$ cat my_file_4.tsv   # TSV, C-alpha atoms
chain	number	residue	atom	x	y	z
A	12	MET	CA	-190.20	-143.22	24.72
A	13	ASN	CA	-191.41	-139.82	23.57
A	14	ASN	CA	-187.97	-138.82	22.39
A	15	GLY	CA	-187.27	-140.55	19.09
A	16	ILE	CA	-188.73	-143.95	18.31
A	17	GLY	CA	-186.07	-146.22	19.81
A	18	ARG	CA	-183.58	-145.14	22.46
A	19	TYR	CA	-183.25	-141.78	24.20
A	20	VAL	CA	-181.00	-139.23	22.51
A	21	CYS	CA	-180.19	-136.06	24.44
A	22	GLN	CA	-181.21	-133.25	22.11
A	23	LEU	CA	-179.02	-130.67	23.84
A	24	GLN	CA	-175.65	-130.50	22.09
A	25	ARG	CA	-173.91	-127.40	23.44
A	26	ILE	CA	-174.54	-125.10	26.37
A	27	THR	CA	-172.74	-121.78	26.86
A	28	LEU	CA	-172.70	-120.06	30.26
A	29	SER	CA	-171.76	-116.43	29.89
A	30	PHE	CA	-171.21	-114.34	33.01
A	31	CYS	CA	-169.16	-111.49	34.51
A	32	LYS	CA	-166.35	-112.22	36.91
A	33	SER	CA	-166.94	-109.11	39.00
A	34	HIS	CA	-170.57	-107.98	38.62
A	35	ALA	CA	-173.09	-108.68	41.34
A	36	ASP	CA	-175.86	-109.95	39.04
A	37	SER	CA	-173.56	-112.84	38.00
A	38	ARG	CA	-173.12	-113.99	41.58
A	39	GLY	CA	-175.50	-116.94	41.27
A	40	MET	CA	-173.94	-118.02	37.98
A	41	ARG	CA	-170.46	-117.95	39.53
A	42	ASP	CA	-171.75	-120.03	42.47
A	43	PHE	CA	-173.27	-122.50	40.01
A	44	ILE	CA	-169.99	-122.83	38.11
A	45	GLU	CA	-167.99	-123.34	41.33
A	46	ASN	CA	-170.33	-125.84	42.99
A	47	HIS	CA	-172.56	-127.59	40.45
A	48	LEU	CA	-171.04	-127.41	36.99
A	49	LEU	CA	-168.63	-130.34	37.34
A	50	ASP	CA	-171.47	-132.58	38.54
A	51	PHE	CA	-173.46	-131.55	35.46
A	52	THR	CA	-170.60	-132.30	33.04
A	53	LYS	CA	-169.92	-135.67	34.66
A	54	ALA	CA	-173.59	-136.62	34.44
A	55	ASN	CA	-173.87	-135.47	30.79
A	56	PRO	CA	-170.73	-136.39	28.82
A	57	GLY	CA	-172.60	-135.83	25.52
A	58	VAL	CA	-173.14	-132.12	26.14
A	59	VAL	CA	-170.39	-129.63	25.31
A	60	VAL	CA	-170.15	-126.89	27.94
A	61	TYR	CA	-168.55	-123.54	27.23
A	62	LEU	CA	-167.78	-120.86	29.82
A	63	LYS	CA	-167.72	-117.34	28.46
A	64	PRO	CA	-166.65	-114.65	30.94
A	65	ARG	CA	-167.51	-111.19	29.61
A	66	ARG	CA	-166.94	-107.98	31.55
A	67	HIS	CA	-170.03	-106.17	32.83
A	68	ARG	CA	-172.50	-108.27	30.88
A	69	LYS	CA	-175.51	-109.92	32.42
A	70	PRO	CA	-175.31	-113.70	32.85
A	71	ARG	CA	-177.17	-115.94	30.45
A	72	ILE	CA	-177.21	-119.49	29.15
A	73	MET	CA	-177.25	-120.37	25.44
A	74	ALA	CA	-178.46	-123.86	24.61
A	75	GLN	CA	-177.95	-125.33	21.14
A	76	TYR	CA	-180.00	-128.34	20.08
A	77	LEU	CA	-179.67	-131.18	17.59
A	78	ASN	CA	-182.34	-129.68	15.30
A	79	GLY	CA	-180.37	-126.42	14.96
A	80	TYR	CA	-182.44	-124.35	17.35
A	81	THR	CA	-180.66	-122.05	19.80
A	82	GLU	CA	-182.36	-120.93	22.98
A	83	SER	CA	-180.99	-118.03	25.02
A	84	VAL	CA	-182.07	-117.36	28.60
A	85	PRO	CA	-180.80	-114.27	30.43
A	86	LEU	CA	-180.50	-114.99	34.16
A	87	PRO	CA	-179.36	-111.88	36.07
A	88	ASN	CA	-179.71	-111.93	39.87
A	89	HIS	CA	-180.67	-115.61	39.95
A	90	ARG	CA	-179.51	-117.91	42.72
A	91	ALA	CA	-177.37	-120.97	41.96
A	92	ASP	CA	-180.22	-123.40	42.69
A	93	GLU	CA	-182.47	-121.52	40.28
A	94	ILE	CA	-179.79	-121.72	37.62
A	95	CYS	CA	-179.54	-125.47	38.31
A	96	LYS	CA	-183.22	-125.78	37.45
A	97	TRP	CA	-182.82	-123.71	34.26
A	98	VAL	CA	-179.87	-125.80	33.07
A	99	ASP	CA	-181.83	-128.97	33.80
A	100	LEU	CA	-184.75	-127.60	31.78
A	101	MET	CA	-182.46	-126.80	28.85
A	102	LYS	CA	-181.05	-130.34	29.05
A	103	THR	CA	-184.42	-132.10	29.04
A	104	ARG	CA	-186.03	-130.03	26.29
A	105	SER	CA	-186.57	-131.46	22.81
A	106	GLY	CA	-185.24	-128.34	21.06
A	107	VAL	CA	-188.58	-127.49	19.47
A	108	LYS	CA	-189.33	-123.79	19.73
A	109	VAL	CA	-192.01	-122.94	22.23
A	110	VAL	CA	-194.83	-121.33	20.26
A	111	ARG	CA	-198.24	-120.10	21.22
A	112	LEU	CA	-200.97	-122.64	20.53
A	113	ARG	CA	-203.91	-120.69	19.21
A	114	LYS	CA	-206.43	-123.43	19.77
A	115	MET	CA	-206.66	-126.04	22.46
A	116	TRP	CA	-207.28	-129.43	20.89
A	117	HIS	CA	-208.18	-132.18	23.30
A	118	THR	CA	-210.27	-135.28	23.23
A	119	ASP	CA	-211.11	-137.84	25.88
A	120	ASN	CA	-212.14	-140.29	23.16
A	121	PRO	CA	-209.36	-140.59	20.57
A	122	SER	CA	-210.38	-141.94	17.18
A	123	ILE	CA	-210.88	-145.71	17.08
A	124	GLN	CA	-210.56	-146.00	13.31
A	125	GLY	CA	-207.20	-144.21	13.42
A	126	LEU	CA	-205.75	-141.18	11.71
A	127	TRP	CA	-206.34	-140.42	8.05
A	128	HIS	CA	-203.33	-140.60	5.77
A	129	PRO	CA	-202.96	-140.14	1.98
A	130	PHE	CA	-202.75	-143.86	1.27
A	131	LEU	CA	-205.83	-144.85	3.26
A	132	ASN	CA	-208.33	-146.88	1.18
A	133	LYS	CA	-206.12	-146.61	-1.90
A	134	ASP	CA	-205.89	-149.49	-4.34
A	135	THR	CA	-202.75	-151.54	-3.63
A	136	SER	CA	-202.13	-151.97	-7.36
A	137	LEU	CA	-200.89	-148.34	-7.31
A	138	ASN	CA	-197.73	-149.58	-5.59
A	139	ILE	CA	-196.43	-151.33	-8.69
A	140	LYS	CA	-197.93	-149.03	-11.31
A	141	THR	CA	-195.71	-146.90	-13.54
A	142	PHE	CA	-196.84	-143.39	-14.41
A	143	PRO	CA	-198.06	-141.93	-16.72
A	144	ASP	CA	-200.73	-144.59	-17.16
A	145	LYS	CA	-202.57	-144.08	-20.47
A	146	GLU	CA	-205.29	-146.67	-20.00
A	147	HIS	CA	-206.94	-146.39	-16.59
A	148	TYR	CA	-207.38	-142.66	-16.09
A	149	LYS	CA	-209.38	-141.79	-19.21
A	150	PHE	CA	-212.73	-140.05	-18.96
A	151	GLU	CA	-215.48	-142.57	-18.32
A	152	GLN	CA	-218.31	-142.12	-20.76
A	153	ASN	CA	-221.68	-143.30	-19.52
A	154	GLU	CA	-223.66	-142.35	-22.62
A	155	LYS	CA	-222.99	-143.66	-26.09
A	156	SER	CA	-221.72	-141.11	-28.60
A	157	ALA	CA	-223.69	-140.39	-31.78
A	158	THR	CA	-221.01	-142.16	-33.85
A	159	ASP	CA	-221.21	-145.29	-31.70
A	160	SER	CA	-225.01	-145.46	-31.83
A	161	LEU	CA	-224.92	-144.92	-35.62
A	162	LEU	CA	-222.39	-147.72	-36.10
A	163	GLU	CA	-224.47	-150.04	-33.89
A	164	LYS	CA	-227.61	-149.25	-35.85
A	165	MET	CA	-225.78	-149.98	-39.10
A	166	LYS	CA	-224.69	-153.35	-37.71
A	167	THR	CA	-228.30	-154.36	-37.01
A	168	VAL	CA	-229.33	-153.13	-40.48
A	169	LYS	CA	-226.55	-155.21	-42.08
A	170	LEU	CA	-227.50	-158.27	-40.03
A	171	SER	CA	-231.17	-157.96	-40.97
A	172	SER	CA	-230.26	-157.52	-44.65
A	173	GLU	CA	-228.08	-160.65	-44.48
A	174	ILE	CA	-230.96	-162.61	-42.93
A	175	ASP	CA	-233.29	-161.45	-45.69
B	3	MET	CA	-196.86	-143.69	21.57
B	4	ALA	CA	-194.12	-143.72	18.98
B	5	HIS	CA	-196.33	-145.37	16.36
B	6	ASN	CA	-198.79	-142.49	16.57
B	7	ARG	CA	-196.05	-139.99	15.75
B	8	VAL	CA	-195.20	-141.78	12.51
B	9	LEU	CA	-198.91	-141.88	11.60
B	10	GLN	CA	-199.07	-138.12	12.13
B	11	TRP	CA	-196.13	-137.57	9.77
B	12	SER	CA	-197.86	-139.55	7.05
B	13	THR	CA	-201.09	-137.61	7.63
B	14	MET	CA	-199.39	-134.31	6.83
B	15	ALA	CA	-197.21	-135.72	4.03
B	16	ARG	CA	-197.59	-134.16	0.57
B	17	THR	CA	-198.34	-136.61	-2.21
B	18	TRP	CA	-197.67	-136.12	-5.91
B	19	TRP	CA	-200.40	-136.40	-8.53
B	20	LEU	CA	-200.06	-136.72	-12.28
B	21	PHE	CA	-202.52	-135.29	-14.79
B	22	ASP	CA	-202.49	-135.93	-18.52
B	23	ALA	CA	-203.77	-132.73	-20.19
B	24	GLN	CA	-204.08	-134.38	-23.60
B	25	HIS	CA	-207.18	-132.80	-25.20
B	26	GLN	CA	-208.55	-131.57	-21.85
B	27	CYS	CA	-210.24	-128.17	-21.54
B	28	ALA	CA	-207.66	-125.82	-19.98
B	29	PHE	CA	-210.21	-123.88	-17.92
B	30	ARG	CA	-212.22	-126.81	-16.64
B	31	SER	CA	-209.12	-128.84	-15.78
B	32	ALA	CA	-207.72	-125.78	-13.96
B	33	SER	CA	-210.84	-125.60	-11.79
B	34	MET	CA	-210.39	-129.30	-11.04
B	35	LEU	CA	-206.65	-129.14	-10.34
B	36	ILE	CA	-206.81	-126.27	-7.81
B	37	LYS	CA	-208.67	-128.67	-5.52
B	38	TYR	CA	-205.52	-130.80	-5.33
B	39	LEU	CA	-203.15	-127.83	-5.01
B	40	GLN	CA	-205.15	-126.45	-2.07
B	41	GLY	CA	-205.56	-129.85	-0.43
B	42	LYS	CA	-209.35	-129.65	-0.54
B	43	HIS	CA	-209.55	-133.34	-1.41
B	44	LYS	CA	-208.23	-134.23	2.07
B	45	PRO	CA	-210.40	-134.61	5.17
B	46	ILE	CA	-207.79	-132.64	7.17
B	47	TYR	CA	-208.21	-129.52	4.99
B	48	HIS	CA	-208.18	-126.16	6.74
B	49	PRO	CA	-207.74	-122.82	4.94
B	50	LEU	CA	-204.99	-121.68	7.34
B	51	SER	CA	-202.94	-124.88	7.12
B	52	ASP	CA	-200.83	-125.45	4.04
B	53	VAL	CA	-201.79	-129.04	3.15
B	54	GLY	CA	-201.80	-128.87	-0.67
B	55	ASP	CA	-200.34	-131.58	-2.86
B	56	HIS	CA	-197.95	-131.48	-5.79
B	57	VAL	CA	-199.49	-131.81	-9.25
B	58	VAL	CA	-197.45	-132.77	-12.32
B	59	VAL	CA	-199.24	-131.95	-15.58
B	60	ILE	CA	-197.97	-133.50	-18.81
B	61	ASN	CA	-198.91	-132.77	-22.46
B	62	THR	CA	-199.91	-129.15	-21.75
B	63	ALA	CA	-199.11	-128.37	-25.41
B	64	ASP	CA	-202.19	-130.41	-26.32
B	65	VAL	CA	-204.78	-128.72	-24.08
B	66	ALA	CA	-208.14	-127.99	-25.65
B	67	MET	CA	-210.54	-125.06	-25.62
B	68	ARG	CA	-214.20	-125.09	-26.56
B	69	GLU	CA	-215.67	-123.46	-29.69
B	70	ASP	CA	-213.14	-121.01	-31.19
B	71	TYR	CA	-211.82	-119.84	-27.86
B	72	TRP	CA	-208.25	-120.17	-29.06
B	73	ARG	CA	-209.02	-117.15	-31.24
B	74	LYS	CA	-211.57	-115.39	-29.02
B	75	PHE	CA	-210.02	-115.71	-25.58
B	76	LYS	CA	-207.71	-112.75	-24.89
B	77	TYR	CA	-205.02	-112.08	-22.29
B	78	PHE	CA	-204.68	-108.40	-21.34
B	79	HIS	CA	-201.59	-106.72	-19.98
B	80	HIS	CA	-200.64	-103.17	-19.13
B	81	THR	CA	-197.10	-102.10	-18.33
B	82	ARG	CA	-198.47	-98.92	-16.60
B	83	TYR	CA	-196.53	-96.77	-19.08
B	84	PRO	CA	-198.53	-94.72	-21.61
B	85	GLY	CA	-199.34	-96.94	-24.58
B	86	GLY	CA	-198.30	-99.99	-22.60
B	87	PHE	CA	-201.52	-101.92	-23.12
B	88	SER	CA	-201.33	-105.17	-25.03
B	89	VAL	CA	-203.77	-107.92	-25.96
B	90	THR	CA	-202.69	-111.46	-26.73
B	91	SER	CA	-204.92	-114.18	-28.14
B	92	ALA	CA	-204.89	-117.55	-26.44
B	93	TRP	CA	-203.44	-119.29	-29.50
B	94	ARG	CA	-200.62	-116.73	-29.67
B	95	LEU	CA	-199.73	-117.17	-25.99
B	96	HIS	CA	-199.86	-120.93	-26.50
B	97	GLU	CA	-197.43	-120.60	-29.41
B	98	LEU	CA	-195.01	-118.59	-27.27
B	99	ASP	CA	-195.14	-120.93	-24.27
B	100	PRO	CA	-197.22	-124.14	-24.38
B	101	THR	CA	-197.50	-124.27	-20.55
B	102	LYS	CA	-198.63	-120.67	-20.08
B	103	VAL	CA	-202.36	-121.07	-20.77
B	104	LEU	CA	-202.81	-123.68	-18.06
B	105	HIS	CA	-200.49	-121.77	-15.71
B	106	LYS	CA	-202.55	-118.59	-16.01
B	107	ALA	CA	-205.86	-120.48	-15.76
B	108	ILE	CA	-204.79	-122.15	-12.50
B	109	TYR	CA	-203.19	-118.98	-11.09
B	110	SER	CA	-206.36	-116.96	-11.64
B	111	ARG	CA	-208.55	-119.64	-10.05
B	112	LEU	CA	-206.50	-120.03	-6.86
B	113	PRO	CA	-207.48	-117.76	-3.95
B	114	GLY	CA	-205.40	-114.57	-3.90
B	115	ASN	CA	-203.83	-115.08	-0.49
B	116	LEU	CA	-200.23	-115.52	0.66
B	117	LEU	CA	-200.38	-119.28	0.07
B	118	ARG	CA	-200.83	-118.84	-3.68
B	119	PRO	CA	-197.14	-118.51	-4.68
B	120	ASN	CA	-196.27	-121.69	-2.77
B	121	MET	CA	-199.21	-123.55	-4.30
B	122	MET	CA	-198.04	-122.46	-7.77
B	123	ARG	CA	-194.56	-123.74	-6.93
B	124	ARG	CA	-196.10	-127.14	-6.31
B	125	LEU	CA	-197.52	-127.17	-9.84
B	126	HIS	CA	-195.18	-128.73	-12.39
B	127	LEU	CA	-196.16	-128.16	-16.02
B	128	TYR	CA	-194.56	-129.99	-18.93
B	129	PRO	CA	-195.47	-129.41	-22.60
B	130	ASN	CA	-194.98	-133.08	-23.50
B	131	GLU	CA	-194.27	-136.38	-21.80
B	132	ASN	CA	-190.59	-135.62	-21.19
B	133	VAL	CA	-190.68	-135.26	-17.43
B	134	PRO	CA	-187.44	-135.43	-15.38
B	135	THR	CA	-187.15	-138.84	-13.75
B	136	GLU	CA	-186.63	-137.35	-10.27
B	137	ILE	CA	-190.02	-135.60	-10.59
B	138	LEU	CA	-191.78	-138.64	-12.02
B	139	ALA	CA	-190.34	-140.86	-9.27
B	140	ASN	CA	-192.40	-138.93	-6.68
B	141	VAL	CA	-195.72	-139.51	-8.41
B	142	SER	CA	-197.94	-141.92	-6.50
B	143	ASP	CA	-201.31	-141.49	-8.21
B	144	GLN	CA	-202.93	-140.08	-11.33
B	145	ILE	CA	-205.95	-137.79	-11.74
B	146	GLN	CA	-208.75	-138.92	-14.01
B	147	GLN	CA	-209.31	-136.93	-17.20
B	148	ILE	CA	-212.40	-134.72	-17.46
B	149	GLN	CA	-213.43	-135.16	-21.09
B	150	PRO	CA	-213.12	-137.87	-23.74
B	151	ILE	CA	-210.31	-137.70	-26.27
B	152	PRO	CA	-211.93	-137.67	-29.72
B	153	LYS	CA	-210.61	-140.02	-32.39
B	154	ARG	CA	-209.09	-138.14	-35.31
B	155	LEU	CA	-209.80	-139.02	-38.93
B	156	ASP	CA	-206.23	-140.21	-39.47
B	157	GLN	CA	-206.52	-142.58	-36.49
B	158	TYR	CA	-209.19	-144.68	-38.24
B	159	THR	CA	-207.99	-147.57	-40.37
B	160	GLU	CA	-208.87	-147.58	-44.07
B	161	GLU	CA	-211.22	-150.52	-43.50
B	162	GLU	CA	-213.16	-148.60	-40.89
B	163	LEU	CA	-213.37	-145.59	-43.17
B	164	ALA	CA	-214.56	-147.68	-46.12
B	165	SER	CA	-217.23	-149.46	-44.06
B	166	PHE	CA	-218.45	-146.31	-42.33
B	167	PRO	CA	-222.15	-145.75	-43.13
B	168	LYS	CA	-222.89	-142.98	-45.61
B	169	VAL	CA	-226.05	-141.87	-47.35
B	170	PHE	CA	-224.57	-140.95	-50.76
B	171	ASP	CA	-221.26	-140.59	-52.61
B	172	TRP	CA	-220.00	-137.16	-53.63
B	173	PRO	CA	-219.93	-136.56	-57.38
B	174	GLU	CA	-216.43	-136.54	-58.92
B	175	ASP	CA	-216.51	-132.85	-59.88
B	176	HIS	CA	-217.73	-131.67	-56.42
B	177	VAL	CA	-215.31	-129.25	-54.70
B	178	ARG	CA	-215.20	-130.30	-51.02
B	179	ASP	CA	-212.30	-128.11	-49.84
B	180	PRO	CA	-213.69	-124.73	-48.82
B	181	GLY	CA	-210.17	-123.25	-48.91
B	182	GLN	CA	-208.25	-121.48	-46.16
B	183	THR	CA	-210.32	-118.79	-44.49
B	184	LYS	CA	-208.56	-115.58	-43.55
B	185	ARG	CA	-206.96	-115.94	-40.10
B	186	LYS	CA	-207.98	-113.26	-37.61
B	187	ARG	CA	-205.20	-112.15	-35.28

$ encode --input "my_file_4.tsv" --output "structure tokens"
Amino acid sequence: MNNGIGRYVCQLQRITLSFCKSHADSRGMRDFIENHLLDFTKANPGVVVYLKPRRHRKPRIMAQYLNGYTESVPLPNHRADEICKWVDLMKTRSGVKVVRLRKMWHTDNPSIQGLWHPFLNKDTSLNIKTFPDKEHYKFEQNEKSATDSLLEKMKTVKLSSEID
Amino acid sequence: MAHNRVLQWSTMARTWWLFDAQHQCAFRSASMLIKYLQGKHKPIYHPLSDVGDHVVVINTADVAMREDYWRKFKYFHHTRYPGGFSVTSAWRLHELDPTKVLHKAIYSRLPGNLLRPNMMRRLHLYPNENVPTEILANVSDQIQQIQPIPKRLDQYTEEELASFPKVFDWPEDHVRDPGQTKRKR
């Protein structure tokens, strides 16, 4: 179940086989079209197959995927069974471009506590809060200001004067 | 495992923060906000990966500066033509565009690499509290303010003012208004 979360969806949408009708380097591609192509189309009704004969051009396959990526593979002087393997590879790919991984990341002990995400250990009251919130994000003052301490002192003075 | 894939998406997801710049020092809040724009508050931070968050700043028209920095702090510009040099005071720039002071403060504090333009695009500055609803709908958390908002004289009630402790009363003929000092441009 690597592809998608639920059922399998073939990511290959269209495949174009371009070849030359007379050139020798298209021989394998012509063999593939004669002998194996109908089996492929019957097995994969969801994939659109185009045949594109072009004079004196080298054979190649163009695969277009659901995510919009197009992969082109030139296959001159390849045998039909090799082309079968290439077409199968194009069919089973996810459509993500093959890029060079600069660093190898691997662990035999994957994290037990799970991956971090932005809402980890966040207060659940945030879910129903409306922003901007004027009350709860003010600067927290640990020390009393001079005004506050003066007012407090005056209170004690007033109280003591009342007692007297 | 399909569940793991969804967890990975949420790990790399960008969240939106809100900051109320009401009476907050423009320079100190800029130094604090670049942490969120760069994603340095996340445990997955790496300088090569673009993991910064969006920051929405409201009330930028009411940012504060210490001492008389509104008058003293200058913005320099040269058009590279002869005589193209110009100096603008902070208060003048703030008059022209009330979001510009914070914008420039944050821009100058971000690292000067190729990620900077994209990080600046994730900064949304608004002079008051009128933020488009589609922007405000994304906000999931707020950033705490960095300095207390002082209470103005007109925010005290008359009772509080009357009962405020004082050592003596001013005589009736005492002139308490020093008059308008000459404004330096």

$ interface_residues --input "my_file_4.tsv" --of "chain B" --to "chain A" --cutoff "8 Å" --atoms "only C-alpha atoms" --output "PyMOL selection string"
chain B and resi 3-5+9-10+12-15+17+20+22+44-46+138+141-150+166-167

$ atom_distance --input "my_file_4.tsv" --atom1 "CA of Asn132 in chain B" --atom2 "CA of Lys37 in chain B"
24.9 Å

$ residues_around --input "my_file_4.tsv" --residues "Arg118 in chain B" --least-positions-apart "6" --cutoff "12 Å" --atoms "all atoms listed in the file" --output "PyMOL selection string"
chain B and resi 36+39-40+49+52+54+108-112+124-125

$ atom_distance --input "my_file_4.tsv" --atom1 "CA of Lys168 in chain B" --atom2 "CA of Ile174 in chain A"
21.4 Å

$ residues_near_point --input "my_file_4.tsv" --point "(-181.7, -126.4, 32.1)" --cutoff "12 Å" --atoms "all atoms listed in the file" --output "JSON, numbers by chain"
{"A": [23, 25, 26, 27, 28, 48, 51, 58, 71, 72, 73, 74, 75, 82, 83, 84, 86, 92, 93, 94, 95, 96, 97, 98, 99, 100, 101, 102, 103, 104, 105, 106]}

$ closest_residue --input "my_file_4.tsv" --among "B:Gly85, B:Phe170, B:Ala107, B:Ile151" --to "His25 in chain B" --atoms "all atoms listed in the file"
B:Ile151

$ build_atoms --input "my_file_4.tsv" --residues "range 124-136 of chain A" --atoms "N, CA and C atoms" --output "CSV table (one decimal), in the coordinates of the input"
chain,number,residue,atom,x,y,z
A,124,GLN,N,-210.9,-145.5,14.7
A,124,GLN,CA,-210.6,-146.0,13.3
A,124,GLN,C,-209.2,-145.5,12.9
A,125,GLY,N,-208.6,-144.6,13.7
A,125,GLY,CA,-207.2,-144.2,13.4
A,125,GLY,C,-207.2,-142.9,12.6
A,126,LEU,N,-205.9,-142.4,12.4
A,126,LEU,CA,-205.8,-141.2,11.7
A,126,LEU,C,-205.9,-141.4,10.2
A,127,TRP,N,-206.3,-140.4,9.5
A,127,TRP,CA,-206.3,-140.4,8.0
A,127,TRP,C,-204.9,-140.2,7.5
A,128,HIS,N,-204.6,-140.9,6.5
A,128,HIS,CA,-203.3,-140.6,5.8
A,128,HIS,C,-203.6,-140.8,4.3
A,129,PRO,N,-202.7,-140.2,3.4
A,129,PRO,CA,-203.0,-140.1,2.0
A,129,PRO,C,-203.2,-141.5,1.3
A,130,PHE,N,-202.7,-142.6,1.9
A,130,PHE,CA,-202.8,-143.9,1.3
A,130,PHE,C,-203.9,-144.7,1.9
A,131,LEU,N,-204.7,-144.1,2.7
A,131,LEU,CA,-205.8,-144.8,3.3
A,131,LEU,C,-206.9,-145.2,2.2
A,132,ASN,N,-207.3,-146.4,2.1
A,132,ASN,CA,-208.3,-146.9,1.2
A,132,ASN,C,-207.9,-146.7,-0.3
A,133,LYS,N,-206.6,-146.7,-0.5
A,133,LYS,CA,-206.1,-146.6,-1.9
A,133,LYS,C,-205.9,-148.0,-2.4
A,134,ASP,N,-206.1,-148.2,-3.7
A,134,ASP,CA,-205.9,-149.5,-4.3
A,134,ASP,C,-204.4,-149.9,-4.3
A,135,THR,N,-204.2,-151.1,-3.8
A,135,THR,CA,-202.8,-151.5,-3.6
A,135,THR,C,-202.0,-151.7,-5.0
A,136,SER,N,-202.8,-151.8,-6.1
A,136,SER,CA,-202.1,-152.0,-7.4
A,136,SER,C,-201.3,-150.7,-7.7
